[in-house]
Structure formats: C-alpha cells, structure tokens
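One file, model_9.cif, carrying mmCIF, C-alpha atoms:
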data_coords
#
loop_
_atom_site.label_atom_id
_atom_site.label_comp_id
_atom_site.auth_asym_id
_atom_site.auth_seq_id
_atom_site.Cartn_x
_atom_site.Cartn_y
_atom_site.Cartn_z
CA MET A 1 18.71 46.78 -88.77
CA ASN A 2 20.63 46.84 -92.05
CA SER A 3 23.64 45.09 -90.50
CA VAL A 4 21.33 42.33 -89.28
CA MET A 5 19.80 42.04 -92.73
CA ASN A 6 23.18 41.86 -94.49
CA HIS A 7 25.14 39.59 -92.17
CA ARG A 8 22.70 37.19 -90.54
CA VAL A 9 19.90 36.64 -93.05
CA THR A 10 20.94 36.27 -96.66
CA THR A 11 17.98 35.07 -98.74
CA ARG A 12 15.32 37.42 -100.07
CA ALA A 13 12.54 35.39 -98.44
CA GLY A 14 14.37 35.44 -95.11
CA GLN A 15 14.98 39.19 -95.29
CA ASP A 16 11.35 39.91 -96.14
CA CYS A 17 10.28 37.77 -93.19
CA LEU A 18 12.71 39.52 -90.86
CA GLN A 19 11.37 42.92 -91.88
CA GLY A 20 7.85 41.71 -91.11
CA LEU A 21 8.92 40.33 -87.74
CA MET A 22 10.50 43.65 -86.82
CA ARG A 23 7.28 45.50 -87.62
CA ILE A 24 5.32 43.07 -85.46
CA TRP A 25 7.82 43.56 -82.63
CA PHE A 26 7.41 47.35 -82.72
CA ASP A 27 3.63 46.91 -82.56
CA PHE A 28 4.06 44.48 -79.67
CA GLU A 29 6.09 47.07 -77.76
CA ARG A 30 3.20 49.51 -78.18
CA GLN A 31 0.76 46.88 -76.90
CA LEU A 32 2.90 46.30 -73.82
CA GLY A 33 3.03 50.02 -73.18
CA ARG A 34 -0.75 49.99 -72.70
CA VAL A 35 -0.74 47.14 -70.14
CA PRO A 36 -1.46 48.55 -66.64
CA VAL A 37 1.14 46.50 -64.74
CA ILE A 38 3.85 47.46 -67.26
CA GLN A 39 2.77 51.10 -67.12
CA ARG A 40 3.20 51.07 -63.34
CA LEU A 41 6.64 49.50 -63.74
CA GLU A 42 7.79 52.04 -66.32
CA ARG A 43 6.44 54.98 -64.31
CA GLY A 44 8.07 53.90 -61.04
CA ARG A 45 4.77 53.15 -59.29
CA PHE A 46 5.46 49.43 -59.05
CA THR A 47 5.22 47.67 -55.68
CA LEU A 48 6.65 44.44 -54.35
CA GLU A 49 3.11 43.06 -54.36
CA ASP A 50 2.87 43.96 -58.06
CA TYR A 51 6.08 42.04 -58.68
CA ARG A 52 4.93 38.93 -56.85
CA HIS A 53 1.67 39.07 -58.75
CA LEU A 54 3.51 39.40 -62.05
CA LEU A 55 5.75 36.40 -61.31
CA LEU A 56 2.74 34.37 -60.21
CA HIS A 57 1.14 34.87 -63.62
CA LEU A 58 4.32 34.51 -65.68
CA ARG A 59 5.20 31.20 -64.04
CA GLN A 60 2.22 29.43 -65.61
CA GLN A 61 3.47 30.34 -69.09
CA VAL A 62 7.14 29.66 -68.37
CA VAL A 63 6.50 26.20 -66.94
CA GLU A 64 4.76 25.20 -70.19
CA GLY A 65 7.47 26.59 -72.48
CA ALA A 66 9.55 23.43 -72.73
CA ARG A 67 6.40 21.44 -73.56
CA TRP A 68 5.62 23.66 -76.56
CA ILE A 69 9.20 23.49 -77.77
CA THR A 70 9.49 19.72 -77.33
CA ARG A 71 6.16 19.12 -79.06
CA GLY A 72 7.31 21.31 -81.94
CA ALA A 73 10.58 19.39 -82.24
CA SER A 74 8.74 16.08 -82.46
CA SER A 75 6.60 17.45 -85.31
CA PHE A 76 9.53 18.04 -87.69
CA ASP A 77 10.29 15.24 -90.15
CA ARG A 78 13.66 14.09 -91.47
CA ASP A 79 13.80 16.91 -94.01
CA PHE A 80 14.22 19.28 -91.05
CA THR A 81 16.65 17.28 -88.91
CA GLU A 82 18.91 20.27 -88.18
CA VAL A 83 15.91 22.38 -87.17
CA ARG A 84 14.67 19.62 -84.90
CA ALA A 85 18.11 19.32 -83.27
CA MET A 86 18.25 23.06 -82.59
CA VAL A 87 14.74 23.08 -81.12
CA ILE A 88 15.52 20.11 -78.85
CA GLY A 89 18.67 21.88 -77.65
CA HIS A 90 16.65 24.99 -76.90
CA ALA A 91 14.14 22.99 -74.87
CA GLY A 92 17.01 21.54 -72.83
CA GLU A 93 18.31 25.03 -72.06
CA GLU A 94 14.97 26.31 -70.80
CA HIS A 95 13.09 23.39 -69.31
CA ARG A 96 13.89 24.35 -65.70
CA ASP A 97 13.67 28.13 -66.01
CA TYR A 98 10.50 28.10 -63.95
CA GLU A 99 12.49 27.00 -60.89
CA MET A 100 14.52 30.21 -61.02
CA LEU A 101 11.29 32.20 -61.32
CA GLU A 102 9.79 30.38 -58.32
CA ALA A 103 12.92 31.11 -56.27
CA ASP A 104 12.60 34.82 -57.11
CA TYR A 105 8.97 34.77 -55.99
CA VAL A 106 9.93 33.27 -52.63
CA ALA A 107 12.85 35.71 -52.25
CA ALA A 108 10.38 38.56 -52.86
CA GLY A 109 8.24 37.39 -49.95
CA GLY A 110 5.85 34.97 -51.63
CA GLU A 111 4.96 31.44 -50.54
CA ARG A 112 6.20 28.67 -52.83
CA ARG A 113 2.92 26.80 -52.51
CA ALA A 114 1.00 29.80 -53.88
CA ILE A 115 3.04 30.02 -57.07
CA VAL A 116 3.25 26.25 -57.61
CA GLU A 117 -0.52 25.91 -57.28
CA GLY A 118 -1.33 29.02 -59.30
CA GLU A 119 -3.64 28.71 -62.28
CA ARG A 120 -3.28 30.06 -65.79
CA ASN A 121 -5.10 33.32 -66.43
CA ALA A 122 -7.23 33.78 -69.54
CA GLY A 123 -4.31 35.01 -71.64
CA SER A 124 -2.05 32.18 -70.50
CA GLU A 125 -4.76 29.63 -71.31
CA ALA A 126 -5.16 31.04 -74.82
CA LEU A 127 -1.41 31.26 -75.40
CA HIS A 128 -0.86 27.68 -74.19
CA ALA A 129 -3.67 26.31 -76.36
CA PHE A 130 -2.48 28.13 -79.46
CA MET A 131 1.15 27.12 -78.99
CA MET A 132 0.33 23.46 -78.43
CA TYR A 133 -1.93 23.47 -81.49
CA ARG A 134 0.70 25.03 -83.74
CA ALA A 135 3.48 22.83 -82.34
CA SER A 136 1.43 19.74 -83.21
CA GLN A 137 1.22 20.57 -86.93
CA PRO A 138 3.59 18.86 -89.40
CA ASN A 139 6.86 20.79 -89.79
CA PRO A 140 5.68 23.84 -87.78
CA VAL A 141 8.17 26.34 -89.20
CA ASP A 142 5.88 29.17 -88.11
CA LEU A 143 6.97 28.60 -84.50
CA ILE A 144 9.99 30.73 -85.27
CA GLY A 145 7.53 33.65 -85.16
CA ALA A 146 6.46 32.68 -81.65
CA MET A 147 10.07 32.32 -80.52
CA TRP A 148 10.87 35.74 -82.00
CA ILE A 149 8.35 37.35 -79.64
CA ILE A 150 9.12 35.33 -76.52
CA GLU A 151 12.92 35.35 -76.86
CA GLY A 152 12.77 38.99 -77.92
CA LEU A 153 11.21 39.86 -74.58
CA GLY A 154 14.20 38.42 -72.81
CA GLN A 155 16.76 40.02 -75.10
CA LYS A 156 15.20 43.47 -75.36
CA MET A 157 13.29 43.99 -72.11
CA ALA A 158 14.19 41.60 -69.30
CA SER A 159 17.29 43.44 -68.06
CA ASP A 160 15.49 46.79 -68.12
CA TRP A 161 12.50 45.33 -66.29
CA ALA A 162 14.79 43.81 -63.65
CA ARG A 163 16.49 47.16 -63.08
CA ARG A 164 13.13 48.93 -62.82
CA VAL A 165 11.78 46.32 -60.38
CA ASP A 166 14.79 46.71 -58.10
CA ASP A 167 14.66 50.51 -58.31
CA ALA A 168 10.96 50.63 -57.47
CA THR A 169 11.03 48.07 -54.67
CA GLY A 170 14.44 48.68 -53.11
CA GLY A 171 15.81 45.38 -54.32
CA ASP A 172 19.45 44.42 -54.71
CA GLY A 173 19.09 41.90 -57.52
CA GLY A 174 18.34 39.03 -55.16
CA TYR A 175 14.82 38.47 -56.49
CA THR A 176 15.23 39.50 -60.14
CA ARG A 177 17.56 36.68 -61.18
CA PHE A 178 15.13 35.16 -63.68
CA MET A 179 14.78 38.41 -65.61
CA ARG A 180 18.50 39.18 -65.41
CA TYR A 181 19.41 35.70 -66.64
CA HIS A 182 17.23 36.09 -69.73
CA GLY A 183 18.49 39.58 -70.38
CA GLU A 184 22.03 38.21 -70.44
CA ASN A 185 21.43 35.00 -72.38
CA ASP A 186 18.67 35.57 -74.90
CA ASP A 187 21.01 37.28 -77.37
CA ALA A 188 22.39 33.84 -78.15
CA HIS A 189 18.90 32.43 -78.56
CA LEU A 190 17.96 35.14 -81.04
CA ASP A 191 21.17 34.49 -82.98
CA LYS A 192 19.92 30.94 -83.52
CA LEU A 193 16.60 32.28 -84.82
CA TYR A 194 18.40 34.52 -87.31
CA ALA A 195 20.37 31.51 -88.49
CA LEU A 196 17.14 29.54 -88.98
CA LEU A 197 15.23 32.15 -90.96
CA ASP A 198 16.93 31.36 -94.26
CA ARG A 199 16.28 27.64 -93.70
CA VAL A 200 12.62 27.71 -92.71
CA CYS A 201 11.32 30.73 -94.65
CA ARG A 202 11.55 29.52 -98.23
CA ASP A 203 8.62 31.26 -99.90
CA ALA A 204 5.69 33.65 -99.42
CA ALA A 205 3.52 30.99 -97.78
CA ASP A 206 6.16 30.32 -95.11
CA ARG A 207 6.55 34.05 -94.53
CA ARG A 208 2.80 34.53 -94.05
CA ALA A 209 2.62 31.63 -91.59
CA ILE A 210 5.60 32.85 -89.54
CA LEU A 211 4.29 36.41 -89.36
CA ARG A 212 0.76 35.31 -88.48
CA THR A 213 2.01 33.18 -85.59
CA ALA A 214 4.23 36.01 -84.36
CA ARG A 215 1.28 38.41 -84.45
CA VAL A 216 -1.03 36.01 -82.58
CA VAL A 217 1.58 35.23 -79.91
CA ALA A 218 2.29 38.93 -79.41
CA ARG A 219 -1.38 39.64 -78.82
CA LEU A 220 -1.88 36.67 -76.50
CA TYR A 221 1.25 37.51 -74.51
CA ALA A 222 0.00 41.05 -74.02
CA LEU A 223 -3.38 39.64 -72.96
CA GLN A 224 -1.63 37.43 -70.44
CA LEU A 225 -0.05 40.51 -68.88
CA GLU A 226 -3.31 42.46 -69.00
CA GLU A 227 -4.93 39.67 -66.97
CA VAL A 228 -2.47 40.18 -64.12
CA ASP A 229 -4.80 42.88 -62.79
CA HIS A 230 -8.00 40.93 -63.40
CA ASP A 231 -7.88 37.96 -61.05
#

Take the structure in this file and express it as structure tokens.
Amino acid sequence: MNSVMNHRVTTRAGQDCLQGLMRIWFDFERQLGRVPVIQRLERGRFTLEDYRHLLLHLRQQVVEGARWITRGASSFDRDFTEVRAMVIGHAGEEHRDYEMLEADYVAAGGERRAIVEGERNAGSEALHAFMMYRASQPNPVDLIGAMWIIEGLGQKMASDWARRVDDATGGDGGYTRFMRYHGENDDAHLDKLYALLDRVCRDAADRRAILRTARVVARLYALQLEEVDHD
C-alpha cells in the first residue's frame, strides 16, 4: 500500500482519496463473502449450472459497461480533455467484452439465445440506472470510484474465480476465458486509474464524491450478485 501511495499518487488529496477507496474495497470484499453464489464458489460447492446462471446475470451488466463509459466521456468538458481521451480509450477496449462472456456461456452448455435475451435482475437495474445518471452529470470525476470497484474485481478476483470455477466443475479453461482475460489485463486499467487520481481529485469535495460513488457501486454490484439466486 505504501509503495502505491508513494509512487503512483503524489498529491495529498489523491492519497487521501486512495486510502478511502482501499477501505471501501475491503468492505466490498466482505460484502461479496456473504453472497450465496460466491460462498458456494469459495467453498467448492459450485456447479456448472451455478456458473451458467452467474454468467447469465453478469452479461446484462457487462453489455451496458461501454454505454456508461461513453456517456461519461461525453460529459467531460474541454478542461478535462485528457480524462475524456482516456475514458474513450477504455470504452474501446471493453465494448465487446460481452461477446467473450457469451461464448463462455455457450461453451459451458448454455444456449446463446437464453443469455442474449436475458433480463437485468434488480441489482443490475439499479446499478445501470445509477451509472447512467452519474455519467450524465457535468465532469463526472466521481466515476473513477465506480471504475475502482469494477476494474478491481477483474484485477483482484477474476483469475481466482476462474481457477475455482474450473476446479469445481472439471473445466480446462475453455469456458472461463472472460474471467481469465480480465484477471490478466485489468492491472493496466487500474494503473490508469492511479494516474488519474491526482488529476480528478483536487479537493475534499471531489474526494467525497468519488468515495460515495465507489461505495454505492460496491453495494449495487453485491446486490446484483445476490439476485443471482432470486430469479
């Protein structure tokens, strides 16, 4: 943690914000640990049906991700041109991620039509609505808090989840490509967030907004996963 603080984030406001984001992340990990489908995965009681069900629900959030990011980019004015450029680049990197997820679902025995026609659960609906609302505000610097949670999942958990899925279901990696891809590539995405913290977190008001959005997104993401068992 100290090396991150010293080498990637240099301003006092940025460092204070990063400390707050780390506390929110640790709380988010605890929330995830109470989600039934994640408990089954971590305890080795996860089935292939569980996995298909999980992908079915995650797809509805993933397919909307590029829309949130693109909307956010369009809401930054000329004073944030470098932020807008980074956000647009990020949208370009992720706008077809859902196709990889759909391919994993089919490889795991699901029907493409089922996942393509799936509906958002209650948590996904709330997360989508909140993200589109925040992304539509002028200069939505607080979206870095949302990206911290979502990209953090890929960087910190996706590879472990992929390994656990394969172990529990007898897989060989053929239907966990989406998770493995994010586990391998989201380090670079988080590096970009570190680089942005000094730029977008300039004072206490920015810090409060970023942390509030991170906290809301963490709760709604956990709710999305809780709803996997409720349809």

Practice task
Show which residues sit within 12 Å of range 213-218 of chain A, as number ranges by chain. Count only C-alpha atoms, and ignore same-chain residues fewer than 2 positions away.
Solution key: A: 17-18, 20-32, 123-124, 126-135, 140-153, 206-211, 220-225

Handout entry: Matched chain/residue IDs from the PyMOL selection byres ((chain A and resi 112-119) around 9), as a ChimeraX atom specification
Key = /A:55-57,59-60,102-103,105-106,110-111,120-121

Exercise for the section: For CA of Arg52 in chain A and CA of Gly109 in chain A, determine how far apart the two atoms are, in Å to one decimal place. Expected result: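 According to the coordinates, CA of Arg52 in chain A and CA of Gly109 in chain A are separated by 7.8 Å.
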
Handout entry: Selected residue of minimal separation from Asp229 in chain A among A:Leu196, A:Cys201, A:Val9, A:Val35, counting all atoms listed in the file
Key =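 Using all atoms listed in the file, the shortest distance to Asp229 in chain A belongs to A:Val35.
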
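Of the residues listed (A:Glu42, A:Glu64, A:Asp104, A:Glu227), A:Glu42 shows the shortest atom-to-atom separation from Trp161 in chain A; distances use only C-alpha atoms.
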
Give me the range 45-141 of chain A side of the contact with range 169-181 of chain A, cut-off 6 Å, one line per residue showing its nearest atom pair and distance in Å at one decimal, counting all atoms listed in the file, sorted by chain and residue number, as JSON lines.
{"residue": "A:Thr47", "atom": "CA", "partner": "A:Thr169", "partner_atom": "CA", "distance": 5.9}
{"residue": "A:Leu48", "atom": "CA", "partner": "A:Thr169", "partner_atom": "CA", "distance": 5.7}
{"residue": "A:Met100", "atom": "CA", "partner": "A:Phe178", "partner_atom": "CA", "distance": 5.7}
{"residue": "A:Leu101", "atom": "CA", "partner": "A:Phe178", "partner_atom": "CA", "distance": 5.4}
{"residue": "A:Asp104", "atom": "CA", "partner": "A:Tyr175", "partner_atom": "CA", "distance": 4.3}
{"residue": "A:Ala107", "atom": "CA", "partner": "A:Tyr175", "partner_atom": "CA", "distance": 5.4}
{"residue": "A:Ala108", "atom": "CA", "partner": "A:Tyr175", "partner_atom": "CA", "distance": 5.7}

Store the residues picked out above in a file with C-alpha atoms, as a PDB file, in the coordinates of the input.
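The result, stored in out-v4.pdb:
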ATOM      1  CA  THR A  47       5.220  47.670 -55.680  1.00  0.00           C
ATOM      2  CA  LEU A  48       6.650  44.440 -54.350  1.00  0.00           C
ATOM      3  CA  MET A 100      14.520  30.210 -61.020  1.00  0.00           C
ATOM      4  CA  LEU A 101      11.290  32.200 -61.320  1.00  0.00           C
ATOM      5  CA  ASP A 104      12.600  34.820 -57.110  1.00  0.00           C
ATOM      6  CA  ALA A 107      12.850  35.710 -52.250  1.00  0.00           C
ATOM      7  CA  ALA A 108      10.380  38.560 -52.860  1.00  0.00           C
TER       8      ALA A 108
END

Practice task
In Å, rounded to a single decimal, give me how far CA of Val63 in chain A is from CA of Ala122 in chain A.
Solution key: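 The value is 15.9 Å.
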
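Going from CA of Gly65 in chain A to CA of Asp166 in chain A covers 25.8 Å.
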
Practice task
Rank A:Arg84, A:His230, A:Arg12, A:Arg96 by their smallest atom-to-atom distance to Val37 in chain A, using only C-alpha atoms, and report the top residue only.
Solution key: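 Smallest separation from Val37 in chain A among the options: A:His230.
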
Fill in the blank from the handout: Between A:Leu58, A:Ala168, A:Met86, A:Ile69, smallest distance to Glu125 in chain A by all atoms listed in the file belongs to A:Leu58

Exercise for the section: Just give me the residues with any atom within 9 Å of (14.7, 31.0, -98.1), file coordinates, counting all atoms listed in the file, written as a ChimeraX atom specification. Expected result: /A:10-15,197-203

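Closest to Asp160 in chain A among A:Leu193, A:His53, A:His182, A:Glu82 is A:His182, based on only C-alpha atoms.
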
What would range 213-224 of chain A look like with all heavy atoms in place, written as a PDB file, in the frame of the given file?
ATOM      1  N   THR A 213       1.780  33.741 -86.921  1.00  0.00           N
ATOM      2  CA  THR A 213       2.010  33.180 -85.590  1.00  0.00           C
ATOM      3  C   THR A 213       2.663  34.193 -84.672  1.00  0.00           C
ATOM      4  O   THR A 213       2.293  34.305 -83.491  1.00  0.00           O
ATOM      5  CB  THR A 213       2.853  31.901 -85.696  1.00  0.00           C
ATOM      6  OG1 THR A 213       2.064  30.881 -86.338  1.00  0.00           O
ATOM      7  CG2 THR A 213       3.292  31.396 -84.334  1.00  0.00           C
ATOM      8  N   ALA A 214       3.613  34.964 -85.184  1.00  0.00           N
ATOM      9  CA  ALA A 214       4.230  36.010 -84.360  1.00  0.00           C
ATOM     10  C   ALA A 214       3.197  37.017 -83.896  1.00  0.00           C
ATOM     11  O   ALA A 214       3.192  37.435 -82.721  1.00  0.00           O
ATOM     12  CB  ALA A 214       5.340  36.712 -85.154  1.00  0.00           C
ATOM     13  N   ARG A 215       2.297  37.417 -84.787  1.00  0.00           N
ATOM     14  CA  ARG A 215       1.280  38.410 -84.450  1.00  0.00           C
ATOM     15  C   ARG A 215       0.319  37.871 -83.394  1.00  0.00           C
ATOM     16  O   ARG A 215      -0.054  38.573 -82.442  1.00  0.00           O
ATOM     17  CB  ARG A 215       0.531  38.830 -85.711  1.00  0.00           C
ATOM     18  CG  ARG A 215      -0.378  40.043 -85.522  1.00  0.00           C
ATOM     19  CD  ARG A 215      -0.953  40.499 -86.853  1.00  0.00           C
ATOM     20  NE  ARG A 215       0.095  41.021 -87.742  1.00  0.00           N
ATOM     21  CZ  ARG A 215       0.528  40.399 -88.834  1.00  0.00           C
ATOM     22  NH1 ARG A 215       0.032  39.234 -89.201  1.00  0.00           N
ATOM     23  NH2 ARG A 215       1.470  40.952 -89.581  1.00  0.00           N
ATOM     24  N   VAL A 216      -0.110  36.612 -83.552  1.00  0.00           N
ATOM     25  CA  VAL A 216      -1.030  36.010 -82.580  1.00  0.00           C
ATOM     26  C   VAL A 216      -0.358  35.880 -81.213  1.00  0.00           C
ATOM     27  O   VAL A 216      -0.954  36.212 -80.176  1.00  0.00           O
ATOM     28  CB  VAL A 216      -1.517  34.628 -83.079  1.00  0.00           C
ATOM     29  CG1 VAL A 216      -2.306  33.911 -81.982  1.00  0.00           C
ATOM     30  CG2 VAL A 216      -2.384  34.786 -84.320  1.00  0.00           C
ATOM     31  N   VAL A 217       0.880  35.397 -81.186  1.00  0.00           N
ATOM     32  CA  VAL A 217       1.580  35.230 -79.910  1.00  0.00           C
ATOM     33  C   VAL A 217       1.805  36.571 -79.226  1.00  0.00           C
ATOM     34  O   VAL A 217       1.659  36.683 -78.009  1.00  0.00           O
ATOM     35  CB  VAL A 217       2.911  34.474 -80.133  1.00  0.00           C
ATOM     36  CG1 VAL A 217       3.793  34.527 -78.884  1.00  0.00           C
ATOM     37  CG2 VAL A 217       2.625  33.028 -80.507  1.00  0.00           C
ATOM     38  N   ALA A 218       2.121  37.596 -79.995  1.00  0.00           N
ATOM     39  CA  ALA A 218       2.290  38.930 -79.410  1.00  0.00           C
ATOM     40  C   ALA A 218       1.012  39.384 -78.730  1.00  0.00           C
ATOM     41  O   ALA A 218       1.031  39.899 -77.600  1.00  0.00           O
ATOM     42  CB  ALA A 218       2.717  39.926 -80.484  1.00  0.00           C
ATOM     43  N   ARG A 219      -0.100  39.201 -79.404  1.00  0.00           N
ATOM     44  CA  ARG A 219      -1.380  39.640 -78.820  1.00  0.00           C
ATOM     45  C   ARG A 219      -1.738  38.829 -77.587  1.00  0.00           C
ATOM     46  O   ARG A 219      -2.204  39.382 -76.579  1.00  0.00           O
ATOM     47  CB  ARG A 219      -2.498  39.538 -79.866  1.00  0.00           C
ATOM     48  CG  ARG A 219      -3.835  40.025 -79.335  1.00  0.00           C
ATOM     49  CD  ARG A 219      -3.791  41.514 -79.035  1.00  0.00           C
ATOM     50  NE  ARG A 219      -4.909  41.953 -78.217  1.00  0.00           N
ATOM     51  CZ  ARG A 219      -4.858  42.132 -76.908  1.00  0.00           C
ATOM     52  NH1 ARG A 219      -3.742  41.894 -76.228  1.00  0.00           N
ATOM     53  NH2 ARG A 219      -5.922  42.555 -76.245  1.00  0.00           N
ATOM     54  N   LEU A 220      -1.532  37.518 -77.640  1.00  0.00           N
ATOM     55  CA  LEU A 220      -1.880  36.670 -76.500  1.00  0.00           C
ATOM     56  C   LEU A 220      -0.939  36.910 -75.322  1.00  0.00           C
ATOM     57  O   LEU A 220      -1.354  36.841 -74.169  1.00  0.00           O
ATOM     58  CB  LEU A 220      -1.874  35.202 -76.905  1.00  0.00           C
ATOM     59  CG  LEU A 220      -2.952  34.798 -77.926  1.00  0.00           C
ATOM     60  CD1 LEU A 220      -2.856  33.315 -78.239  1.00  0.00           C
ATOM     61  CD2 LEU A 220      -4.352  35.149 -77.421  1.00  0.00           C
ATOM     62  N   TYR A 221       0.329  37.209 -75.602  1.00  0.00           N
ATOM     63  CA  TYR A 221       1.250  37.510 -74.510  1.00  0.00           C
ATOM     64  C   TYR A 221       0.842  38.805 -73.824  1.00  0.00           C
ATOM     65  O   TYR A 221       0.866  38.905 -72.582  1.00  0.00           O
ATOM     66  CB  TYR A 221       2.680  37.611 -75.025  1.00  0.00           C
ATOM     67  CG  TYR A 221       3.705  37.318 -73.947  1.00  0.00           C
ATOM     68  CD1 TYR A 221       4.390  36.114 -73.921  1.00  0.00           C
ATOM     69  CD2 TYR A 221       3.964  38.244 -72.941  1.00  0.00           C
ATOM     70  CE1 TYR A 221       5.318  35.835 -72.927  1.00  0.00           C
ATOM     71  CE2 TYR A 221       4.882  37.980 -71.940  1.00  0.00           C
ATOM     72  CZ  TYR A 221       5.554  36.778 -71.938  1.00  0.00           C
ATOM     73  OH  TYR A 221       6.456  36.514 -70.936  1.00  0.00           O
ATOM     74  N   ALA A 222       0.469  39.800 -74.611  1.00  0.00           N
ATOM     75  CA  ALA A 222       0.000  41.050 -74.020  1.00  0.00           C
ATOM     76  C   ALA A 222      -1.265  40.814 -73.198  1.00  0.00           C
ATOM     77  O   ALA A 222      -1.424  41.379 -72.104  1.00  0.00           O
ATOM     78  CB  ALA A 222      -0.251  42.085 -75.106  1.00  0.00           C
ATOM     79  N   LEU A 223      -2.162  39.967 -73.714  1.00  0.00           N
ATOM     80  CA  LEU A 223      -3.380  39.640 -72.960  1.00  0.00           C
ATOM     81  C   LEU A 223      -3.038  38.960 -71.647  1.00  0.00           C
ATOM     82  O   LEU A 223      -3.648  39.250 -70.604  1.00  0.00           O
ATOM     83  CB  LEU A 223      -4.280  38.728 -73.806  1.00  0.00           C
ATOM     84  CG  LEU A 223      -5.549  38.222 -73.130  1.00  0.00           C
ATOM     85  CD1 LEU A 223      -6.464  39.377 -72.728  1.00  0.00           C
ATOM     86  CD2 LEU A 223      -6.297  37.262 -74.071  1.00  0.00           C
ATOM     87  N   GLN A 224      -2.067  38.082 -71.670  1.00  0.00           N
ATOM     88  CA  GLN A 224      -1.630  37.430 -70.440  1.00  0.00           C
ATOM     89  C   GLN A 224      -1.204  38.456 -69.393  1.00  0.00           C
ATOM     90  O   GLN A 224      -1.540  38.318 -68.209  1.00  0.00           O
ATOM     91  CB  GLN A 224      -0.450  36.494 -70.772  1.00  0.00           C
ATOM     92  CG  GLN A 224       0.206  35.852 -69.592  1.00  0.00           C
ATOM     93  CD  GLN A 224       1.355  34.945 -69.998  1.00  0.00           C
ATOM     94  OE1 GLN A 224       1.288  33.753 -69.846  1.00  0.00           O
ATOM     95  NE2 GLN A 224       2.406  35.536 -70.544  1.00  0.00           N
TER      96      GLN A 224
END
